[in-house]
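Beneath this line is the structure, given in structure tokens, with notes to follow.
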Amino acid sequence: MAHQVPALPYAHDALTPHIDARTMEIHHGKHHNAYVTNLNKALDGHADLAAKPIEQLLREIEQTPDSIRQAVINNGGGHANHSLFWQVMCANAPAAPSAALADAITATFGGLDDFKQTFAKNAATRFGSGWSWLVVDGAGKLSAYSTANQDSPLMQGHTPILGIDVWEHAYYLNYQNRRPDYVAAWWNVVNWDKVAELFASAKP
Ligand code: MN
């Protein structure tokens with residue numbers, strides 16, 4: 001079955017005032033939809049690859065033929081990244097992660113505020129378009145970095161558990177060129193419960 005855009009787990013206006021409804025409508029309905037459409041187009045005629053779940057497709061990106069690999073990286077990455085992005089946001093977000101994740105964040109980054117600073121800096125300094133991530137690496141350790149374009153951490157064997165989209169389409173209507181303001185506001189909608197759940201299932 002062809003890849004599909006997952007339904008948003010909340011209304012378009014659920015994240016206001018931090019992310020406006022119009023941005024969510026266009027971002028989910030147009031941008032994510034385009035990644036899925038173009039991914040399915042790239043996989044047309046590759047039944048074996050088309051049958052893989054998106055995470056597996058990206059983890060095994062080396063198995064994708066050269067002729068469609070960059071299209072899968074761009075559009076498959078776009079599909080996976082946005083599918084995660086919608087899940088790690090919510091209305092009435094919890095202020096902090098639960099104990100197991102909080103402890104791991106403290107062990108790696110020094111504390112939640114230190115982590116937020118690192119993550120926000122990675123988001124602010126990503127030149128052009130991309131994502132800032134919190135990932136679980138192959139050894140079960142947390143790590144934070146940014147990637148360009150739609151490059152997914154899955155391609156390097158990492159499991160993303162939190163990510164912010166810093167493409168201009170994610171924030172331009174409300175924040176224009178003020179990416180740091182968007183990132184600062186975004187913490188208000190982070191669904192730490194979901195991140196903790198992803199952390200628990202990502203540990204090897
Ligand atoms: Mn986006």
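Chain labels follow the order of the structure tokens: the first chain is A, the next B, and so on; residue numbering restarts at 1 in every chain, and ligands are counted from 1 in their shown order.
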
For chain A versus ligand 1, which residues have an atom no more than 7 Å away, and what is each residue's nearest atom pair and distance in Å rounded to one decimal, using only C-alpha atoms and all ligand atoms, chain-then-number order, as a Markdown table?
```
| residue | atom | partner | partner_atom_place_in_ligand_line | distance |
| --- | --- | --- | --- | --- |
| A:His27 | CA | ligand 1 | 1 (Mn) | 6.0 |
| A:His31 | CA | ligand 1 | 1 (Mn) | 6.4 |
| A:His32 | CA | ligand 1 | 1 (Mn) | 6.8 |
| A:His82 | CA | ligand 1 | 1 (Mn) | 6.3 |
| A:Asp165 | CA | ligand 1 | 1 (Mn) | 5.6 |
| A:Trp167 | CA | ligand 1 | 1 (Mn) | 5.9 |
| A:His169 | CA | ligand 1 | 1 (Mn) | 6.2 |
| A:Ala170 | CA | ligand 1 | 1 (Mn) | 5.4 |
```

Just write the chosen residues, all heavy atoms, as a PDB file, in the first residue's frame.
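Final output, selection_25.pdb:
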```
ATOM      1  N   HIS A  27       1.234  23.410   6.027  1.00  0.00           N
ATOM      2  CA  HIS A  27       2.381  22.541   6.304  1.00  0.00           C
ATOM      3  C   HIS A  27       1.977  21.061   6.231  1.00  0.00           C
ATOM      4  O   HIS A  27       2.631  20.254   5.568  1.00  0.00           O
ATOM      5  CB  HIS A  27       2.926  22.898   7.697  1.00  0.00           C
ATOM      6  CG  HIS A  27       4.329  22.451   7.945  1.00  0.00           C
ATOM      7  ND1 HIS A  27       5.001  22.739   9.104  1.00  0.00           N
ATOM      8  CD2 HIS A  27       5.200  21.735   7.182  1.00  0.00           C
ATOM      9  CE1 HIS A  27       6.219  22.216   9.036  1.00  0.00           C
ATOM     10  NE2 HIS A  27       6.362  21.605   7.886  1.00  0.00           N
ATOM     11  N   HIS A  31       2.589  20.687   2.229  1.00  0.00           N
ATOM     12  CA  HIS A  31       4.004  20.294   2.223  1.00  0.00           C
ATOM     13  C   HIS A  31       4.180  18.793   2.496  1.00  0.00           C
ATOM     14  O   HIS A  31       4.844  18.098   1.737  1.00  0.00           O
ATOM     15  CB  HIS A  31       4.803  21.122   3.233  1.00  0.00           C
ATOM     16  CG  HIS A  31       4.976  22.545   2.822  1.00  0.00           C
ATOM     17  ND1 HIS A  31       5.957  22.960   1.950  1.00  0.00           N
ATOM     18  CD2 HIS A  31       4.270  23.660   3.136  1.00  0.00           C
ATOM     19  CE1 HIS A  31       5.854  24.262   1.753  1.00  0.00           C
ATOM     20  NE2 HIS A  31       4.839  24.719   2.463  1.00  0.00           N
ATOM     21  N   HIS A  32       3.596  18.335   3.590  1.00  0.00           N
ATOM     22  CA  HIS A  32       3.754  16.905   3.896  1.00  0.00           C
ATOM     23  C   HIS A  32       3.138  16.064   2.781  1.00  0.00           C
ATOM     24  O   HIS A  32       3.698  15.053   2.364  1.00  0.00           O
ATOM     25  CB  HIS A  32       3.123  16.585   5.268  1.00  0.00           C
ATOM     26  CG  HIS A  32       3.460  15.218   5.780  1.00  0.00           C
ATOM     27  ND1 HIS A  32       3.246  14.840   7.085  1.00  0.00           N
ATOM     28  CD2 HIS A  32       3.988  14.117   5.164  1.00  0.00           C
ATOM     29  CE1 HIS A  32       3.647  13.582   7.248  1.00  0.00           C
ATOM     30  NE2 HIS A  32       4.082  13.123   6.096  1.00  0.00           N
ATOM     31  N   HIS A  82       8.216  14.709   9.115  1.00  0.00           N
ATOM     32  CA  HIS A  82       6.956  15.403   9.447  1.00  0.00           C
ATOM     33  C   HIS A  82       6.025  14.512  10.254  1.00  0.00           C
ATOM     34  O   HIS A  82       5.341  14.994  11.152  1.00  0.00           O
ATOM     35  CB  HIS A  82       6.284  15.915   8.168  1.00  0.00           C
ATOM     36  CG  HIS A  82       7.002  17.093   7.574  1.00  0.00           C
ATOM     37  ND1 HIS A  82       8.072  16.946   6.742  1.00  0.00           N
ATOM     38  CD2 HIS A  82       6.825  18.429   7.753  1.00  0.00           C
ATOM     39  CE1 HIS A  82       8.522  18.161   6.408  1.00  0.00           C
ATOM     40  NE2 HIS A  82       7.787  19.072   6.999  1.00  0.00           N
ATOM     41  N   ASP A 165      11.266  21.327  12.844  1.00  0.00           N
ATOM     42  CA  ASP A 165      11.409  21.711  11.443  1.00  0.00           C
ATOM     43  C   ASP A 165      11.813  23.179  11.396  1.00  0.00           C
ATOM     44  O   ASP A 165      11.082  24.032  11.905  1.00  0.00           O
ATOM     45  CB  ASP A 165      10.034  21.503  10.769  1.00  0.00           C
ATOM     46  CG  ASP A 165      10.048  21.709   9.269  1.00  0.00           C
ATOM     47  OD1 ASP A 165      11.015  22.300   8.746  1.00  0.00           O
ATOM     48  OD2 ASP A 165       9.067  21.285   8.628  1.00  0.00           O
ATOM     49  N   TRP A 167      12.689  24.637   8.374  1.00  0.00           N
ATOM     50  CA  TRP A 167      12.437  25.188   7.039  1.00  0.00           C
ATOM     51  C   TRP A 167      11.562  26.437   7.224  1.00  0.00           C
ATOM     52  O   TRP A 167      10.699  26.453   8.109  1.00  0.00           O
ATOM     53  CB  TRP A 167      11.666  24.180   6.185  1.00  0.00           C
ATOM     54  CG  TRP A 167      12.477  23.029   5.656  1.00  0.00           C
ATOM     55  CD1 TRP A 167      13.214  22.146   6.389  1.00  0.00           C
ATOM     56  CD2 TRP A 167      12.601  22.627   4.294  1.00  0.00           C
ATOM     57  NE1 TRP A 167      13.802  21.224   5.558  1.00  0.00           N
ATOM     58  CE2 TRP A 167      13.444  21.492   4.268  1.00  0.00           C
ATOM     59  CE3 TRP A 167      12.080  23.109   3.090  1.00  0.00           C
ATOM     60  CZ2 TRP A 167      13.783  20.840   3.075  1.00  0.00           C
ATOM     61  CZ3 TRP A 167      12.413  22.460   1.900  1.00  0.00           C
ATOM     62  CH2 TRP A 167      13.262  21.343   1.899  1.00  0.00           C
ATOM     63  N   HIS A 169       9.026  27.336   5.687  1.00  0.00           N
ATOM     64  CA  HIS A 169       7.589  27.061   5.572  1.00  0.00           C
ATOM     65  C   HIS A 169       6.973  26.692   6.918  1.00  0.00           C
ATOM     66  O   HIS A 169       5.766  26.741   7.087  1.00  0.00           O
ATOM     67  CB  HIS A 169       7.304  25.978   4.512  1.00  0.00           C
ATOM     68  CG  HIS A 169       7.771  24.588   4.833  1.00  0.00           C
ATOM     69  ND1 HIS A 169       8.482  23.809   3.949  1.00  0.00           N
ATOM     70  CD2 HIS A 169       7.622  23.814   5.933  1.00  0.00           C
ATOM     71  CE1 HIS A 169       8.738  22.626   4.485  1.00  0.00           C
ATOM     72  NE2 HIS A 169       8.221  22.609   5.708  1.00  0.00           N
ATOM     73  N   ALA A 170       7.812  26.323   7.886  1.00  0.00           N
ATOM     74  CA  ALA A 170       7.315  25.918   9.206  1.00  0.00           C
ATOM     75  C   ALA A 170       6.962  27.112  10.085  1.00  0.00           C
ATOM     76  O   ALA A 170       6.231  26.957  11.070  1.00  0.00           O
ATOM     77  CB  ALA A 170       8.353  25.052   9.919  1.00  0.00           C
TER      78      ALA A 170
END
```

Item to check | Residue contacts of region 121-125 of chain A (6 Å, only C-alpha atoms) excluding same-chain residues fewer than 3 positions away, as a PyMOL selection string | outcome: chain A and resi 117-118+132+146+180

Residues of region 15-178 of chain A in alpha helix (DSSP H), written as an NGL selection string:
:A and (21-26 or 33-43 or 47-50 or 54-59 or 66-71 or 77-87 or 99-109 or 112-125 or 172-175)

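Across A:Ala144, A:Val189, A:Leu84, A:Leu57, the tightest approach to Ala7 (chain A) is made by A:Leu84 when counting only C-alpha atoms.
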
### Task
Could you give me, as a PyMOL selection string, the residues within 12 Å of Leu173 (chain A), counting only C-alpha atoms and dropping anything in the same chain fewer than 5 positions from it?
chain A and resi 18-27+167-168+178-179+182

Selected residues written out, N, CA, C and O atoms, as a PDB file, in the first residue's frame:
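This is the output file result.pdb:
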```
ATOM      1  N   HIS A  18       1.373  29.634  19.436  1.00  0.00           N
ATOM      2  CA  HIS A  18       2.787  29.358  19.145  1.00  0.00           C
ATOM      3  C   HIS A  18       2.982  28.954  17.684  1.00  0.00           C
ATOM      4  O   HIS A  18       3.957  29.341  17.053  1.00  0.00           O
ATOM      5  N   ILE A  19       2.051  28.144  17.176  1.00  0.00           N
ATOM      6  CA  ILE A  19       2.024  27.856  15.737  1.00  0.00           C
ATOM      7  C   ILE A  19       0.602  28.112  15.261  1.00  0.00           C
ATOM      8  O   ILE A  19      -0.354  27.535  15.801  1.00  0.00           O
ATOM      9  N   ASP A  20       0.463  28.988  14.278  1.00  0.00           N
ATOM     10  CA  ASP A  20      -0.871  29.417  13.829  1.00  0.00           C
ATOM     11  C   ASP A  20      -1.538  28.362  12.947  1.00  0.00           C
ATOM     12  O   ASP A  20      -0.868  27.519  12.340  1.00  0.00           O
ATOM     13  N   ALA A  21      -2.858  28.432  12.888  1.00  0.00           N
ATOM     14  CA  ALA A  21      -3.661  27.426  12.190  1.00  0.00           C
ATOM     15  C   ALA A  21      -3.347  27.374  10.690  1.00  0.00           C
ATOM     16  O   ALA A  21      -3.290  26.292  10.098  1.00  0.00           O
ATOM     17  N   ARG A  22      -3.137  28.535  10.078  1.00  0.00           N
ATOM     18  CA  ARG A  22      -2.884  28.568   8.636  1.00  0.00           C
ATOM     19  C   ARG A  22      -1.562  27.860   8.293  1.00  0.00           C
ATOM     20  O   ARG A  22      -1.474  27.124   7.309  1.00  0.00           O
ATOM     21  N   THR A  23      -0.566  28.103   9.122  1.00  0.00           N
ATOM     22  CA  THR A  23       0.718  27.417   8.923  1.00  0.00           C
ATOM     23  C   THR A  23       0.526  25.908   9.027  1.00  0.00           C
ATOM     24  O   THR A  23       1.047  25.144   8.197  1.00  0.00           O
ATOM     25  N   MET A  24      -0.242  25.475  10.013  1.00  0.00           N
ATOM     26  CA  MET A  24      -0.465  24.034  10.174  1.00  0.00           C
ATOM     27  C   MET A  24      -1.222  23.458   8.975  1.00  0.00           C
ATOM     28  O   MET A  24      -0.905  22.361   8.501  1.00  0.00           O
ATOM     29  N   GLU A  25      -2.218  24.188   8.486  1.00  0.00           N
ATOM     30  CA  GLU A  25      -3.006  23.706   7.333  1.00  0.00           C
ATOM     31  C   GLU A  25      -2.110  23.500   6.111  1.00  0.00           C
ATOM     32  O   GLU A  25      -2.182  22.475   5.432  1.00  0.00           O
ATOM     33  N   ILE A  26      -1.293  24.509   5.827  1.00  0.00           N
ATOM     34  CA  ILE A  26      -0.439  24.439   4.639  1.00  0.00           C
ATOM     35  C   ILE A  26       0.673  23.407   4.835  1.00  0.00           C
ATOM     36  O   ILE A  26       0.987  22.622   3.939  1.00  0.00           O
ATOM     37  N   HIS A  27       1.234  23.410   6.027  1.00  0.00           N
ATOM     38  CA  HIS A  27       2.381  22.541   6.304  1.00  0.00           C
ATOM     39  C   HIS A  27       1.977  21.061   6.231  1.00  0.00           C
ATOM     40  O   HIS A  27       2.631  20.254   5.568  1.00  0.00           O
ATOM     41  N   TRP A 167      12.689  24.637   8.374  1.00  0.00           N
ATOM     42  CA  TRP A 167      12.437  25.188   7.039  1.00  0.00           C
ATOM     43  C   TRP A 167      11.562  26.437   7.224  1.00  0.00           C
ATOM     44  O   TRP A 167      10.699  26.453   8.109  1.00  0.00           O
ATOM     45  N   GLU A 168      11.734  27.426   6.367  1.00  0.00           N
ATOM     46  CA  GLU A 168      10.927  28.646   6.527  1.00  0.00           C
ATOM     47  C   GLU A 168       9.437  28.356   6.439  1.00  0.00           C
ATOM     48  O   GLU A 168       8.628  29.041   7.072  1.00  0.00           O
ATOM     49  N   ARG A 178      12.385  35.479  11.980  1.00  0.00           N
ATOM     50  CA  ARG A 178      12.790  35.326  13.390  1.00  0.00           C
ATOM     51  C   ARG A 178      12.779  33.853  13.833  1.00  0.00           C
ATOM     52  O   ARG A 178      12.006  33.450  14.687  1.00  0.00           O
ATOM     53  N   ARG A 179      13.651  33.072  13.247  1.00  0.00           N
ATOM     54  CA  ARG A 179      13.696  31.642  13.575  1.00  0.00           C
ATOM     55  C   ARG A 179      13.899  31.387  15.073  1.00  0.00           C
ATOM     56  O   ARG A 179      13.238  30.528  15.645  1.00  0.00           O
ATOM     57  N   TYR A 182      10.633  31.554  16.929  1.00  0.00           N
ATOM     58  CA  TYR A 182       9.831  30.348  16.659  1.00  0.00           C
ATOM     59  C   TYR A 182      10.316  29.188  17.526  1.00  0.00           C
ATOM     60  O   TYR A 182       9.512  28.498  18.166  1.00  0.00           O
TER      61      TYR A 182
END
```

Run DSSP on the backbone of this structure and report the residues of region 69-204 of chain A it assigns to strand (DSSP E or B), as a PyMOL selection string.
chain A and resi 89+130-136+142-148+159-165+190

The residue from A:Lys30, A:Gln176, A:Asn191, A:Asp151 with the smallest atom-to-atom distance to Pro9 (chain A), counting only C-alpha atoms, is A:Asn191

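With only C-alpha atoms as the atoms that count, the minimum distance from Ala42 (chain A) to the choices A:Cys90, A:Ile105, A:Val72, A:Ala99 is reached by A:Val72.
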
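For Met155 (chain A), the set of protein, DNA and RNA residues having any atom at most 10 Å away, when counting only C-alpha atoms and skipping those fewer than 4 positions along the same chain, is Glu55, Gln56, Leu57, Leu58, Arg59, Glu60, Ile61, Glu62, Ile73, Gly77, Asp151 and Thr159 of chain A.
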
Using only N, CA, C and O atoms, please write the residues we just selected to a file, as a compact mmCIF listing (two decimals), in the first residue's frame.
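And here is the file that came out, out_16.txt:
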```txt
# COMPACT_ATOMS: atom_id res chain seq x y z
N GLU A 55 10.37 3.96 8.06
CA GLU A 55 11.57 3.96 8.91
C GLU A 55 12.60 2.95 8.38
O GLU A 55 13.79 3.22 8.35
N GLN A 56 12.11 1.78 8.00
CA GLN A 56 13.00 0.74 7.48
C GLN A 56 13.62 1.17 6.15
O GLN A 56 14.81 0.96 5.89
N LEU A 57 12.81 1.79 5.31
CA LEU A 57 13.29 2.27 4.01
C LEU A 57 14.49 3.20 4.20
O LEU A 57 15.49 3.12 3.48
N LEU A 58 14.39 4.09 5.20
CA LEU A 58 15.47 5.06 5.44
C LEU A 58 16.66 4.42 6.14
O LEU A 58 17.81 4.73 5.83
N ARG A 59 16.39 3.51 7.07
CA ARG A 59 17.50 2.82 7.75
C ARG A 59 18.31 2.00 6.75
O ARG A 59 19.51 1.81 6.92
N GLU A 60 17.64 1.51 5.73
CA GLU A 60 18.31 0.67 4.72
C GLU A 60 18.51 1.43 3.41
O GLU A 60 18.44 0.85 2.33
N ILE A 61 18.80 2.72 3.55
CA ILE A 61 18.86 3.59 2.36
C ILE A 61 19.91 3.10 1.35
O ILE A 61 19.76 3.31 0.14
N GLU A 62 20.96 2.41 1.86
CA GLU A 62 22.01 1.92 0.94
C GLU A 62 21.45 0.88 -0.03
O GLU A 62 22.06 0.62 -1.07
N ILE A 73 15.61 9.91 -0.22
CA ILE A 73 16.19 10.68 0.90
C ILE A 73 15.36 11.95 1.14
O ILE A 73 15.00 12.27 2.27
N GLY A 77 12.49 11.06 3.61
CA GLY A 77 12.90 11.80 4.80
C GLY A 77 11.84 12.81 5.19
O GLY A 77 11.46 12.92 6.36
N ASP A 151 17.16 15.32 5.43
CA ASP A 151 17.98 14.17 5.81
C ASP A 151 17.54 13.63 7.17
O ASP A 151 17.48 14.38 8.16
N THR A 159 17.68 6.89 16.08
CA THR A 159 16.23 7.01 16.17
C THR A 159 15.86 8.40 16.69
O THR A 159 16.15 8.71 17.85
```

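Comparing A:Asp48, A:Asp13, A:Glu197, A:Asp113 by their smallest distance to Ala95 (chain A), the closest is A:Asp113 (using only C-alpha atoms).
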
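For the residues A:Ala11, A:Ala202, A:Val5, A:Ala185, ranking by smallest atom-to-atom distance to Ala139 (chain A) using only C-alpha atoms places A:Ala202 first.
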
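Considering only C-alpha atoms, the residue among A:Leu39, A:Ala148, A:Val88, A:Ala51 positioned nearest to Tyr10 (chain A) is A:Val88.
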
task = Find the spatial neighbours of Leu112 (chain A), counting only C-alpha atoms, within a cut-off of 10 Å - ignore same-chain residues fewer than 4 positions away - and output them as an NGL selection string.
result = :A and (96-97 or 101-108 or 116-118)

Q) Using only C-alpha atoms, which residues sit within 9 Å of Leu134 (chain A) once same-chain residues fewer than 4 positions away are excluded, as number ranges by chain? A) A: 119, 142-146, 159-163

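CA of Gly111 (chain A) sits 27.4 Å away from CA of Ser83 (chain A).
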